[in-house]
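File shown: run.txt. Contents: compact mmCIF, C-alpha atoms (C1' of nucleotides).
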```
# COMPACT_ATOMS: atom_id res chain seq x y z
CA MET A 1320 -2.33 8.63 59.83
CA ARG A 1321 -0.30 11.41 58.34
CA MET A 1322 1.61 11.68 55.12
CA SER A 1323 5.05 12.96 56.14
CA THR A 1324 5.97 16.47 55.10
CA LYS A 1325 8.87 14.87 53.28
CA ALA A 1326 6.42 13.22 50.89
CA GLN A 1327 4.33 16.38 50.65
CA TYR A 1328 7.42 18.45 49.84
CA ALA A 1329 8.51 15.94 47.23
CA VAL A 1330 5.21 16.09 45.38
CA ARG A 1331 5.09 19.90 45.54
CA ALA A 1332 8.67 20.17 44.34
CA MET A 1333 8.00 17.83 41.43
CA VAL A 1334 4.97 19.83 40.33
CA ASN A 1335 6.98 23.02 40.56
CA LEU A 1336 9.85 21.50 38.62
CA ASN A 1337 7.58 20.39 35.80
CA LEU A 1338 5.76 23.72 35.85
CA TYR A 1339 8.87 25.78 35.22
CA SER A 1340 10.96 23.38 33.17
CA GLU A 1341 10.54 23.64 29.44
CA GLY A 1342 13.13 21.16 28.38
CA SER A 1343 15.88 22.93 30.29
CA PRO A 1344 17.14 22.01 33.78
CA VAL A 1345 15.67 23.72 36.84
CA SER A 1346 17.98 24.43 39.79
CA LEU A 1347 16.98 23.48 43.29
CA ARG A 1348 17.67 27.08 44.35
CA ASP A 1349 14.79 28.24 42.15
CA ILE A 1350 12.42 25.60 43.48
CA SER A 1351 13.55 26.43 47.00
CA LEU A 1352 12.69 30.11 46.52
CA ARG A 1353 9.34 29.48 44.84
CA GLU A 1354 8.12 26.79 47.22
CA SER A 1355 9.77 28.07 50.41
CA ILE A 1356 11.49 24.76 51.08
CA SER A 1357 15.03 24.81 52.49
CA LEU A 1358 17.60 24.25 49.78
CA THR A 1359 19.56 21.69 51.76
CA TYR A 1360 16.43 19.71 52.47
CA LEU A 1361 15.51 19.73 48.78
CA GLU A 1362 18.95 18.37 48.03
CA GLN A 1363 18.24 15.38 50.23
CA LEU A 1364 14.95 14.75 48.52
CA PHE A 1365 16.33 15.01 44.98
CA VAL A 1366 19.09 12.52 45.66
CA LYS A 1367 16.35 10.01 46.35
CA LEU A 1368 14.18 11.13 43.44
CA ARG A 1369 17.15 10.63 41.16
CA ARG A 1370 17.81 7.15 42.49
CA GLY A 1371 14.13 6.43 41.98
CA GLN A 1372 14.44 7.34 38.29
CA ILE A 1373 12.00 10.21 38.64
CA VAL A 1374 14.49 12.93 37.72
CA LYS A 1375 17.96 13.20 36.21
CA SER A 1376 20.59 15.76 37.12
CA VAL A 1377 22.68 18.16 35.06
CA ARG A 1378 25.75 19.51 36.83
CA GLY A 1379 27.55 22.79 36.46
CA PRO A 1380 26.30 26.29 35.65
CA GLY A 1381 22.86 26.30 34.03
CA GLY A 1382 22.39 22.84 35.45
CA GLY A 1383 19.70 21.47 37.68
CA TYR A 1384 17.15 18.71 37.39
CA LEU A 1385 15.02 17.36 34.57
CA LEU A 1386 12.24 14.78 34.54
CA ALA A 1387 13.62 11.35 33.82
CA ARG A 1388 10.51 10.53 31.78
CA PRO A 1389 7.40 12.35 30.49
CA ALA A 1390 5.17 13.77 33.22
CA LYS A 1391 2.33 11.63 31.93
CA GLU A 1392 4.27 8.54 32.96
CA ILE A 1393 5.10 9.68 36.49
CA GLN A 1394 2.55 8.66 39.11
CA VAL A 1395 2.23 10.27 42.51
CA ASP A 1396 2.81 6.96 44.30
CA GLU A 1397 6.18 6.62 42.55
CA ILE A 1398 7.29 10.01 43.82
CA ILE A 1399 6.35 9.03 47.37
CA ASP A 1400 8.03 5.63 47.06
CA SER A 1401 11.22 7.32 45.94
CA VAL A 1402 11.55 9.46 49.04
CA GLU A 1403 11.01 6.33 51.11
CA GLU A 1404 7.67 7.08 52.63
CA SER A 1405 5.85 3.79 53.01
CA LEU A 1406 2.29 3.50 51.76
CA VAL A 1407 1.65 0.40 53.84
CA PRO A 1408 -0.38 1.38 56.90
CA VAL A 1409 1.06 -1.19 59.34
CA ALA A 1410 4.67 -2.14 59.97
CA CYS A 1411 4.19 -5.93 60.13
CA MET A 1412 3.07 -6.02 56.49
CA ASP A 1413 5.94 -3.90 55.25
CA GLN A 1414 8.58 -6.59 55.07
CA LYS A 1415 9.56 -8.65 52.11
CA HIS A 1416 9.39 -11.93 53.96
CA GLY A 1417 5.71 -11.26 54.59
CA CYS A 1418 3.65 -10.66 57.67
CA VAL A 1419 4.14 -13.06 60.53
CA CYS A 1420 0.63 -12.46 61.81
CA ASP A 1421 -0.64 -15.38 63.81
CA ASP A 1422 -4.16 -15.91 65.11
CA HIS A 1423 -4.00 -12.57 66.88
CA CYS A 1424 -4.09 -10.77 63.57
CA VAL A 1425 -7.82 -10.61 63.03
CA THR A 1426 -7.42 -7.11 61.67
CA HIS A 1427 -4.99 -8.10 58.93
CA ASN A 1428 -7.52 -7.74 56.14
CA VAL A 1429 -8.52 -4.25 57.21
CA TRP A 1430 -5.01 -2.85 56.92
CA HIS A 1431 -4.23 -4.81 53.80
CA GLY A 1432 -7.34 -3.49 52.10
CA LEU A 1433 -6.62 0.04 53.26
CA GLY A 1434 -3.10 -0.12 51.89
CA GLU A 1435 -4.43 -1.16 48.50
CA LYS A 1436 -6.92 1.70 48.41
CA ILE A 1437 -4.19 4.21 49.20
CA ARG A 1438 -1.87 2.80 46.58
CA ASP A 1439 -4.54 2.62 43.90
CA PHE A 1440 -5.62 6.19 44.47
CA LEU A 1441 -2.14 7.68 44.35
CA ALA A 1442 -1.22 5.55 41.34
CA SER A 1443 -4.22 6.93 39.48
CA ILE A 1444 -2.82 10.48 39.52
CA THR A 1445 0.01 11.55 37.22
CA LEU A 1446 2.39 14.47 37.51
CA GLU A 1447 0.95 15.72 34.23
CA GLU A 1448 -2.52 16.04 35.76
CA LEU A 1449 -1.23 17.84 38.83
CA THR A 1450 0.76 20.26 36.75
CA GLN A 1451 -2.24 21.05 34.56
CA GLU A 1452 -4.33 21.67 37.67
CA ALA A 1453 -1.67 24.02 38.95
CA ARG A 1454 -1.67 25.92 35.66
CA ASN A 1455 -5.46 26.30 35.82
CA LYS A 1456 -5.29 27.57 39.38
CA PHE A 1457 -2.64 30.06 38.38
CA ASN A 1458 -4.70 31.35 35.44
CA GLU A 1459 -7.81 31.69 37.57
CA ALA A 1460 -5.91 33.74 40.14
CA LYS A 1461 -4.55 35.87 37.33
CA GLY A 1462 -8.00 36.45 35.88
CA LYS A 1463 -9.27 37.89 39.14
CA ASN A 1464 -6.74 40.72 39.14
CA MET B 470 2.00 6.81 56.20
CA ARG B 471 1.39 4.57 59.16
CA MET B 472 -1.66 3.87 61.21
CA SER B 473 -0.49 4.31 64.81
CA THR B 474 -0.31 1.20 66.95
CA LYS B 475 -2.76 2.96 69.23
CA ALA B 476 -5.40 2.73 66.54
CA GLN B 477 -4.38 -0.82 65.69
CA TYR B 478 -4.63 -1.85 69.34
CA ALA B 479 -8.02 -0.20 69.66
CA VAL B 480 -9.46 -2.14 66.73
CA ARG B 481 -7.96 -5.43 67.93
CA ALA B 482 -9.24 -4.87 71.45
CA MET B 483 -12.73 -4.08 70.19
CA VAL B 484 -12.86 -7.24 68.10
CA ASN B 485 -11.67 -9.24 71.08
CA LEU B 486 -14.21 -7.62 73.37
CA ASN B 487 -17.04 -8.42 71.00
CA LEU B 488 -15.73 -11.93 70.45
CA TYR B 489 -15.80 -12.88 74.12
CA SER B 490 -18.71 -10.80 75.41
CA GLU B 491 -22.05 -12.51 75.36
CA GLY B 492 -24.11 -9.83 76.98
CA SER B 493 -21.87 -9.74 80.06
CA PRO B 494 -19.03 -7.29 80.69
CA VAL B 495 -15.48 -8.21 79.70
CA SER B 496 -12.62 -7.04 81.93
CA LEU B 497 -9.62 -5.29 80.47
CA ARG B 498 -7.41 -7.79 82.26
CA ASP B 499 -8.85 -10.58 80.10
CA ILE B 500 -8.37 -8.61 76.90
CA SER B 501 -4.88 -7.69 78.04
CA LEU B 502 -3.98 -11.36 78.51
CA ARG B 503 -5.54 -12.55 75.27
CA GLU B 504 -4.17 -9.79 73.05
CA SER B 505 -0.86 -9.21 74.85
CA ILE B 506 -1.52 -5.51 75.31
CA SER B 507 -0.43 -3.82 78.53
CA LEU B 508 -3.34 -3.39 80.94
CA THR B 509 -2.58 0.22 81.75
CA TYR B 510 -2.36 1.09 78.09
CA LEU B 511 -5.71 -0.55 77.44
CA GLU B 512 -7.18 1.53 80.24
CA GLN B 513 -6.10 4.68 78.44
CA LEU B 514 -7.67 3.50 75.22
CA PHE B 515 -10.96 2.50 76.80
CA VAL B 516 -11.41 5.86 78.50
CA LYS B 517 -11.44 7.33 75.03
CA LEU B 518 -13.61 4.59 73.55
CA ARG B 519 -16.13 5.24 76.31
CA ARG B 520 -16.15 8.97 75.64
CA GLY B 521 -16.62 8.16 71.97
CA GLN B 522 -19.78 6.17 72.81
CA ILE B 523 -18.27 2.96 71.49
CA VAL B 524 -18.35 1.10 74.82
CA LYS B 525 -19.88 1.55 78.25
CA SER B 526 -18.32 0.53 81.55
CA VAL B 527 -19.53 -1.53 84.50
CA ARG B 528 -17.57 -0.98 87.71
CA GLY B 529 -16.86 -3.33 90.55
CA PRO B 530 -16.20 -7.06 90.71
CA GLY B 531 -17.52 -8.88 87.66
CA GLY B 532 -17.49 -5.57 85.84
CA GLY B 533 -15.74 -4.59 82.65
CA TYR B 534 -16.82 -3.13 79.34
CA LEU B 535 -19.79 -3.66 77.05
CA LEU B 536 -20.51 -2.39 73.56
CA ALA B 537 -22.49 0.83 73.71
CA ARG B 538 -24.46 -0.24 70.64
CA PRO B 539 -24.84 -3.33 68.45
CA ALA B 540 -21.65 -4.38 66.68
CA LYS B 541 -23.42 -3.94 63.36
CA GLU B 542 -23.66 -0.22 64.05
CA ILE B 543 -20.02 0.31 64.99
CA GLN B 544 -17.76 1.25 62.08
CA VAL B 545 -14.00 0.94 62.13
CA ASP B 546 -13.51 4.65 61.43
CA GLU B 547 -15.49 5.47 64.58
CA ILE B 548 -13.18 3.34 66.70
CA ILE B 549 -10.16 5.12 65.26
CA ASP B 550 -11.74 8.56 65.68
CA SER B 551 -12.41 7.77 69.33
CA VAL B 552 -8.78 7.11 70.18
CA GLU B 553 -7.93 10.37 68.46
CA GLU B 554 -6.00 9.11 65.51
CA SER B 555 -6.66 11.48 62.65
CA LEU B 556 -7.67 10.06 59.27
CA VAL B 557 -6.75 13.28 57.49
CA PRO B 558 -3.41 12.78 55.73
CA VAL B 559 -2.11 16.36 56.03
CA ALA B 560 -2.07 18.67 59.04
CA CYS B 561 -3.19 21.86 57.29
CA MET B 562 -6.54 20.31 56.42
CA ASP B 563 -7.17 19.00 59.91
CA GLN B 564 -8.41 22.23 61.48
CA LYS B 565 -11.95 23.38 61.89
CA HIS B 566 -11.23 26.83 60.49
CA GLY B 567 -10.24 25.20 57.23
CA CYS B 568 -7.03 24.99 55.30
CA VAL B 569 -5.18 28.24 54.72
CA CYS B 570 -3.58 26.93 51.56
CA ASP B 571 -2.64 29.71 49.21
CA ASP B 572 -1.40 29.40 45.65
CA HIS B 573 1.41 27.14 46.84
CA CYS B 574 -1.10 24.41 47.60
CA VAL B 575 -1.28 22.77 44.20
CA THR B 576 -1.38 19.40 45.90
CA HIS B 577 -4.45 20.17 48.01
CA ASN B 578 -6.78 18.01 45.93
CA VAL B 579 -4.52 14.99 46.15
CA TRP B 580 -4.54 14.89 49.93
CA HIS B 581 -8.19 15.78 50.19
CA GLY B 582 -9.13 12.97 47.83
CA LEU B 583 -6.87 10.54 49.65
CA GLY B 584 -8.45 11.41 53.00
CA GLU B 585 -11.90 10.70 51.60
CA LYS B 586 -10.83 7.31 50.24
CA ILE B 587 -9.41 6.32 53.61
CA ARG B 588 -12.50 7.47 55.48
CA ASP B 589 -14.89 5.75 53.07
CA PHE B 590 -13.05 2.47 53.25
CA LEU B 591 -12.88 2.31 57.03
CA ALA B 592 -16.50 3.45 57.34
CA SER B 593 -17.56 0.56 55.14
CA ILE B 594 -16.38 -2.04 57.65
CA THR B 595 -18.33 -2.82 60.81
CA LEU B 596 -17.21 -4.46 64.03
CA GLU B 597 -19.75 -7.18 63.31
CA GLU B 598 -17.98 -8.11 60.09
CA LEU B 599 -14.57 -8.16 61.72
CA THR B 600 -15.79 -10.32 64.55
CA GLN B 601 -17.37 -12.80 62.14
CA GLU B 602 -14.11 -12.96 60.19
CA ALA B 603 -12.26 -13.68 63.41
CA ARG B 604 -14.69 -16.49 64.26
CA ASN B 605 -14.16 -18.04 60.85
CA LYS B 606 -10.40 -17.85 61.20
CA PHE B 607 -10.63 -19.49 64.59
CA ASN B 608 -12.79 -22.32 63.30
CA GLU B 609 -10.51 -22.96 60.34
CA ALA B 610 -7.51 -23.20 62.64
CA LYS B 611 -9.46 -25.58 64.85
CA GLY B 612 -10.40 -27.76 61.88
CA LYS B 613 -6.77 -28.30 60.96
CA ASN B 614 -5.91 -29.94 64.32
C1' DA C 866 -17.63 -3.08 107.64
C1' DG C 867 -13.87 -4.57 105.04
C1' DC C 868 -11.78 -6.44 101.17
C1' DA C 869 -11.18 -7.58 96.39
C1' DT C 870 -12.12 -6.30 91.84
C1' DA C 871 -11.94 -3.32 88.13
C1' DC C 872 -12.53 1.08 86.25
C1' DC C 873 -10.49 5.91 86.26
C1' DT C 874 -6.99 9.72 85.94
C1' DG C 875 -2.91 12.42 85.33
C1' DA C 876 1.87 12.77 85.24
C1' DG C 877 6.11 11.25 83.56
C1' DT C 878 9.61 9.06 80.39
C1' DA C 879 12.64 6.49 77.08
C1' DA C 880 13.06 5.73 72.38
C1' DA C 881 12.11 6.64 67.84
C1' DA C 882 10.93 9.50 64.00
C1' DC C 883 10.71 13.78 61.88
C1' DT C 884 12.64 17.86 60.02
C1' DG C 885 15.79 19.82 59.09
C1' DT C 886 21.18 22.18 59.29
C1' DC C 887 26.26 22.17 58.51
C1' DA C 888 30.45 21.22 56.35
C1' DA C 889 32.89 19.61 52.73
C1' DT C 890 33.38 17.64 48.02
C1' DT C 891 32.88 16.79 43.08
C1' DA C 892 31.65 17.91 38.41
C1' DT C 893 30.79 21.17 34.75
C1' DT C 894 30.69 25.42 32.14
C1' DT C 895 32.51 29.98 31.07
C1' DA D 725 40.93 29.60 37.15
C1' DA D 726 36.53 30.83 38.86
C1' DA D 727 31.81 30.34 39.40
C1' DT D 728 27.91 27.42 39.58
C1' DA D 729 25.36 23.73 41.17
C1' DA D 730 24.80 19.00 42.28
C1' DT D 731 26.38 15.45 45.85
C1' DT D 732 27.27 13.33 50.26
C1' DG D 733 27.49 12.23 55.14
C1' DA D 734 27.19 13.50 59.75
C1' DC D 735 24.60 15.45 63.20
C1' DA D 736 21.21 17.96 66.20
C1' DG D 737 16.87 19.96 67.91
C1' DT D 738 12.05 19.02 68.38
C1' DT D 739 8.00 16.34 68.40
C1' DT D 740 5.48 12.21 68.63
C1' DT D 741 4.83 7.63 70.09
C1' DA D 742 4.17 4.16 73.14
C1' DC D 743 4.11 3.20 76.85
C1' DT D 744 4.74 2.91 82.68
C1' DC D 745 3.77 4.45 87.34
C1' DA D 746 1.33 5.96 91.17
C1' DG D 747 -2.28 6.78 92.84
C1' DG D 748 -7.72 7.23 93.20
C1' DT D 749 -12.88 5.84 92.89
C1' DA D 750 -16.95 2.91 92.45
C1' DT D 751 -19.13 -1.55 93.24
C1' DG D 752 -20.20 -6.14 94.84
C1' DC D 753 -19.30 -9.99 98.00
C1' DT D 754 -18.59 -12.13 102.48
```

Reformat the file's structure so that it appears as structure tokens.
Amino acid sequence: MRMSTKAQYAVRAMVNLNLYSEGSPVSLRDISLRESISLTYLEQLFVKLRRGQIVKSVRGPGGGYLLARPAKEIQVDEIIDSVEESLVPVACMDQKHGCVCDDHCVTHNVWHGLGEKIRDFLASITLEELTQEARNKFNEAKGKN
Amino acid sequence: MRMSTKAQYAVRAMVNLNLYSEGSPVSLRDISLRESISLTYLEQLFVKLRRGQIVKSVRGPGGGYLLARPAKEIQVDEIIDSVEESLVPVACMDQKHGCVCDDHCVTHNVWHGLGEKIRDFLASITLEELTQEARNKFNEAKGKN
DNA sequence: AGCATACCTGAGTAAAACTGTCAATTATTT
DNA sequence: AAATAATTGACAGTTTTACTCAGGTATGCT
């Protein structure tokens, strides 16, 4: 039961973007350098984040990406949805025409309940909170030196 | 973020075992037929379930598997642990010598918290409860005919 | 004893998913 | 025009998953 690194990268990249953006676009090259994620892989992720209305792009020199809305309104589950990592723990429940479980599916409720817990938890955390945590961590580390 | 079919099969097989065992051993062949899971695959799973103290085996004709303890004392997370499906959502936190996250790991708390939610939920469900649910489902279906 | 049953074990394998890279293009600013 | 940076699609190596196969071992029954 692993969260794909794709989803992990996406969340990290979004925190980093918000951390270093102060109204102006942040280039993927910068995020790539700071987070040690391959530039070309980041490009793939941000295409999806843009389609998911999490970020918007600014082309040309000085360009990069901006948040599409305030960090307070971006939830972690939305970031993960955007990069197409499913939060539903079993495949049969992940279709729009519903689960075709017959009598064999005595475990349906377990996975359904689990999926809800996962969703609720990740929806309860905003990008704003994560960024603030990151700032605190950074200041603590600074204080030690 | 998918629960492996291995873990899904293990839970289903355990419910089925408990459903049809009344003190006497249940053969994997029977479970295989009822749940449409390959016999040889079930054998692999039950080796692990035995090592995890979830079931015990009885060899020879009329043999099969029995619960190692009362169904009330078997939690779903234990079944999943036994077949070696990790409930920790990120790899770096899944080692005994702890996570070597440095400053980059601003998302540590998210995944740690998520792992706890998953564990708590699955630990809150016992095999007894699942089996009772299955009995109810079966009786409802019967009532309709 | 001999046979059937059923657990036990390890090796192997095809397909899918994951984790990226590469090459080329388009849009914008200076 | 030249430089910057996003955008896109194809593709490839590696790992994991989900099994199968080919045996072996223990036990009970006739």

Superimposed copy of chain A on chain B by least squares over C-alpha atoms, as a JSON list (two decimals) with C-alpha atoms, in the frame of the given file:
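Written file, superposed-v1.json:
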```
[["chain", "number", "residue", "atom", "x", "y", "z"],
["A", 1320, "MET", "CA", 1.98, 6.80, 56.21],
["A", 1321, "ARG", "CA", 1.41, 4.56, 59.16],
["A", 1322, "MET", "CA", -1.63, 3.86, 61.25],
["A", 1323, "SER", "CA", -0.46, 4.28, 64.85],
["A", 1324, "THR", "CA", -0.27, 1.17, 66.98],
["A", 1325, "LYS", "CA", -2.72, 2.93, 69.26],
["A", 1326, "ALA", "CA", -5.37, 2.70, 66.54],
["A", 1327, "GLN", "CA", -4.36, -0.86, 65.69],
["A", 1328, "TYR", "CA", -4.60, -1.88, 69.35],
["A", 1329, "ALA", "CA", -7.99, -0.23, 69.67],
["A", 1330, "VAL", "CA", -9.45, -2.13, 66.74],
["A", 1331, "ARG", "CA", -7.97, -5.44, 67.93],
["A", 1332, "ALA", "CA", -9.23, -4.87, 71.45],
["A", 1333, "MET", "CA", -12.73, -4.07, 70.20],
["A", 1334, "VAL", "CA", -12.86, -7.23, 68.12],
["A", 1335, "ASN", "CA", -11.67, -9.25, 71.08],
["A", 1336, "LEU", "CA", -14.20, -7.61, 73.37],
["A", 1337, "ASN", "CA", -17.08, -8.40, 71.04],
["A", 1338, "LEU", "CA", -15.76, -11.91, 70.47],
["A", 1339, "TYR", "CA", -15.84, -12.86, 74.14],
["A", 1340, "SER", "CA", -18.72, -10.76, 75.39],
["A", 1341, "GLU", "CA", -22.09, -12.43, 75.32],
["A", 1342, "GLY", "CA", -24.12, -9.74, 76.96],
["A", 1343, "SER", "CA", -21.90, -9.68, 80.03],
["A", 1344, "PRO", "CA", -19.03, -7.23, 80.67],
["A", 1345, "VAL", "CA", -15.48, -8.16, 79.70],
["A", 1346, "SER", "CA", -12.63, -6.96, 81.92],
["A", 1347, "LEU", "CA", -9.61, -5.26, 80.44],
["A", 1348, "ARG", "CA", -7.42, -7.80, 82.26],
["A", 1349, "ASP", "CA", -8.89, -10.56, 80.10],
["A", 1350, "ILE", "CA", -8.40, -8.61, 76.89],
["A", 1351, "SER", "CA", -4.90, -7.73, 78.01],
["A", 1352, "LEU", "CA", -4.01, -11.40, 78.51],
["A", 1353, "ARG", "CA", -5.58, -12.58, 75.25],
["A", 1354, "GLU", "CA", -4.21, -9.83, 73.04],
["A", 1355, "SER", "CA", -0.89, -9.27, 74.83],
["A", 1356, "ILE", "CA", -1.52, -5.56, 75.26],
["A", 1357, "SER", "CA", -0.42, -3.90, 78.50],
["A", 1358, "LEU", "CA", -3.32, -3.47, 80.88],
["A", 1359, "THR", "CA", -2.48, 0.13, 81.72],
["A", 1360, "TYR", "CA", -2.30, 1.03, 78.06],
["A", 1361, "LEU", "CA", -5.68, -0.59, 77.43],
["A", 1362, "GLU", "CA", -7.08, 1.52, 80.23],
["A", 1363, "GLN", "CA", -6.01, 4.65, 78.40],
["A", 1364, "LEU", "CA", -7.62, 3.47, 75.21],
["A", 1365, "PHE", "CA", -10.93, 2.49, 76.81],
["A", 1366, "VAL", "CA", -11.34, 5.85, 78.50],
["A", 1367, "LYS", "CA", -11.38, 7.34, 75.02],
["A", 1368, "LEU", "CA", -13.57, 4.60, 73.56],
["A", 1369, "ARG", "CA", -16.08, 5.27, 76.31],
["A", 1370, "ARG", "CA", -16.08, 8.99, 75.64],
["A", 1371, "GLY", "CA", -16.57, 8.18, 71.98],
["A", 1372, "GLN", "CA", -19.72, 6.21, 72.81],
["A", 1373, "ILE", "CA", -18.24, 2.99, 71.49],
["A", 1374, "VAL", "CA", -18.32, 1.15, 74.82],
["A", 1375, "LYS", "CA", -19.87, 1.58, 78.26],
["A", 1376, "SER", "CA", -18.30, 0.57, 81.55],
["A", 1377, "VAL", "CA", -19.53, -1.52, 84.46],
["A", 1378, "ARG", "CA", -17.61, -1.03, 87.69],
["A", 1379, "GLY", "CA", -16.94, -3.40, 90.53],
["A", 1380, "PRO", "CA", -16.40, -7.17, 90.61],
["A", 1381, "GLY", "CA", -17.69, -8.92, 87.49],
["A", 1382, "GLY", "CA", -17.53, -5.57, 85.77],
["A", 1383, "GLY", "CA", -15.74, -4.52, 82.64],
["A", 1384, "TYR", "CA", -16.80, -3.09, 79.32],
["A", 1385, "LEU", "CA", -19.77, -3.63, 77.04],
["A", 1386, "LEU", "CA", -20.51, -2.34, 73.55],
["A", 1387, "ALA", "CA", -22.46, 0.87, 73.70],
["A", 1388, "ARG", "CA", -24.45, -0.19, 70.63],
["A", 1389, "PRO", "CA", -24.82, -3.29, 68.43],
["A", 1390, "ALA", "CA", -21.63, -4.35, 66.66],
["A", 1391, "LYS", "CA", -23.39, -3.91, 63.34],
["A", 1392, "GLU", "CA", -23.63, -0.19, 64.03],
["A", 1393, "ILE", "CA", -19.98, 0.33, 64.98],
["A", 1394, "GLN", "CA", -17.72, 1.25, 62.08],
["A", 1395, "VAL", "CA", -13.96, 0.92, 62.12],
["A", 1396, "ASP", "CA", -13.47, 4.63, 61.42],
["A", 1397, "GLU", "CA", -15.45, 5.48, 64.56],
["A", 1398, "ILE", "CA", -13.15, 3.34, 66.69],
["A", 1399, "ILE", "CA", -10.11, 5.11, 65.25],
["A", 1400, "ASP", "CA", -11.69, 8.54, 65.68],
["A", 1401, "SER", "CA", -12.36, 7.78, 69.32],
["A", 1402, "VAL", "CA", -8.74, 7.10, 70.17],
["A", 1403, "GLU", "CA", -7.85, 10.36, 68.46],
["A", 1404, "GLU", "CA", -5.95, 9.09, 65.49],
["A", 1405, "SER", "CA", -6.62, 11.47, 62.63],
["A", 1406, "LEU", "CA", -7.66, 10.06, 59.27],
["A", 1407, "VAL", "CA", -6.74, 13.27, 57.48],
["A", 1408, "PRO", "CA", -3.41, 12.78, 55.72],
["A", 1409, "VAL", "CA", -2.11, 16.37, 56.04],
["A", 1410, "ALA", "CA", -2.09, 18.65, 59.05],
["A", 1411, "CYS", "CA", -3.22, 21.85, 57.29],
["A", 1412, "MET", "CA", -6.58, 20.28, 56.43],
["A", 1413, "ASP", "CA", -7.20, 18.99, 59.93],
["A", 1414, "GLN", "CA", -8.47, 22.18, 61.49],
["A", 1415, "LYS", "CA", -12.02, 23.28, 61.88],
["A", 1416, "HIS", "CA", -11.42, 26.73, 60.47],
["A", 1417, "GLY", "CA", -10.35, 25.10, 57.22],
["A", 1418, "CYS", "CA", -7.13, 24.94, 55.30],
["A", 1419, "VAL", "CA", -5.32, 28.19, 54.76],
["A", 1420, "CYS", "CA", -3.68, 26.91, 51.60],
["A", 1421, "ASP", "CA", -2.74, 29.71, 49.28],
["A", 1422, "ASP", "CA", -1.47, 29.42, 45.72],
["A", 1423, "HIS", "CA", 1.33, 27.17, 46.91],
["A", 1424, "CYS", "CA", -1.14, 24.42, 47.65],
["A", 1425, "VAL", "CA", -1.34, 22.81, 44.25],
["A", 1426, "THR", "CA", -1.43, 19.42, 45.91],
["A", 1427, "HIS", "CA", -4.49, 20.17, 48.01],
["A", 1428, "ASN", "CA", -6.81, 18.02, 45.94],
["A", 1429, "VAL", "CA", -4.54, 15.00, 46.14],
["A", 1430, "TRP", "CA", -4.55, 14.89, 49.93],
["A", 1431, "HIS", "CA", -8.20, 15.78, 50.18],
["A", 1432, "GLY", "CA", -9.13, 12.97, 47.82],
["A", 1433, "LEU", "CA", -6.87, 10.54, 49.64],
["A", 1434, "GLY", "CA", -8.44, 11.41, 52.97],
["A", 1435, "GLU", "CA", -11.88, 10.69, 51.58],
["A", 1436, "LYS", "CA", -10.81, 7.30, 50.23],
["A", 1437, "ILE", "CA", -9.38, 6.33, 53.61],
["A", 1438, "ARG", "CA", -12.47, 7.44, 55.46],
["A", 1439, "ASP", "CA", -14.87, 5.75, 53.06],
["A", 1440, "PHE", "CA", -13.02, 2.46, 53.24],
["A", 1441, "LEU", "CA", -12.85, 2.32, 57.02],
["A", 1442, "ALA", "CA", -16.46, 3.45, 57.34],
["A", 1443, "SER", "CA", -17.53, 0.57, 55.12],
["A", 1444, "ILE", "CA", -16.35, -2.04, 57.65],
["A", 1445, "THR", "CA", -18.32, -2.80, 60.81],
["A", 1446, "LEU", "CA", -17.19, -4.43, 64.03],
["A", 1447, "GLU", "CA", -19.73, -7.15, 63.31],
["A", 1448, "GLU", "CA", -17.96, -8.09, 60.08],
["A", 1449, "LEU", "CA", -14.55, -8.15, 61.72],
["A", 1450, "THR", "CA", -15.79, -10.30, 64.54],
["A", 1451, "GLN", "CA", -17.36, -12.78, 62.14],
["A", 1452, "GLU", "CA", -14.10, -12.96, 60.20],
["A", 1453, "ALA", "CA", -12.26, -13.65, 63.43],
["A", 1454, "ARG", "CA", -14.68, -16.45, 64.28],
["A", 1455, "ASN", "CA", -14.15, -18.03, 60.85],
["A", 1456, "LYS", "CA", -10.39, -17.84, 61.23],
["A", 1457, "PHE", "CA", -10.64, -19.45, 64.63],
["A", 1458, "ASN", "CA", -12.81, -22.31, 63.33],
["A", 1459, "GLU", "CA", -10.49, -22.93, 60.40],
["A", 1460, "ALA", "CA", -7.50, -23.18, 62.73],
["A", 1461, "LYS", "CA", -9.48, -25.54, 64.91],
["A", 1462, "GLY", "CA", -10.41, -27.74, 61.97],
["A", 1463, "LYS", "CA", -6.78, -28.30, 61.07],
["A", 1464, "ASN", "CA", -5.96, -29.90, 64.42]]
```

Give one line per residue of chain B that approaches chain C to at most 10 Å, naming the two atoms of the closest pair and their distance in Å to one decimal, counting all atoms listed in the file; sort by chain then ascending residue number and deliver it as CSV.
```
residue,atom,partner,partner_atom,distance
B:Ser496,CA,C:DA871,C1',7.3
B:Leu497,CA,C:DA871,C1',8.2
B:Arg498,CA,C:DA871,C1',8.7
B:Glu512,CA,C:DC872,C1',8.1
B:Gln513,CA,C:DC873,C1',9.1
B:Phe515,CA,C:DC872,C1',9.7
B:Val516,CA,C:DC873,C1',7.8
B:Ser526,CA,C:DC872,C1',7.5
B:Val527,CA,C:DC872,C1',7.7
B:Arg528,CA,C:DC872,C1',5.6
B:Gly529,CA,C:DA871,C1',5.5
B:Pro530,CA,C:DT870,C1',4.3
B:Gly531,CA,C:DT870,C1',7.3
B:Gly532,CA,C:DA871,C1',6.4
B:Gly533,CA,C:DA871,C1',6.8
B:Tyr534,CA,C:DC872,C1',9.2
```

Identify all chain B residues at most 8 Å from chain A by counting all atoms listed in the file; ligands do not count. Present them as number ranges by chain. B: 470-473, 480-481, 484, 504, 554-560, 572-576, 579, 583, 586-587, 590-591, 599, 602-603, 606-607

Distance-based interface of chain D with chain A, 6 Å, counting only C-alpha atoms (C1' of nucleotides), as a PyMOL selection string: chain D and resi 728-730
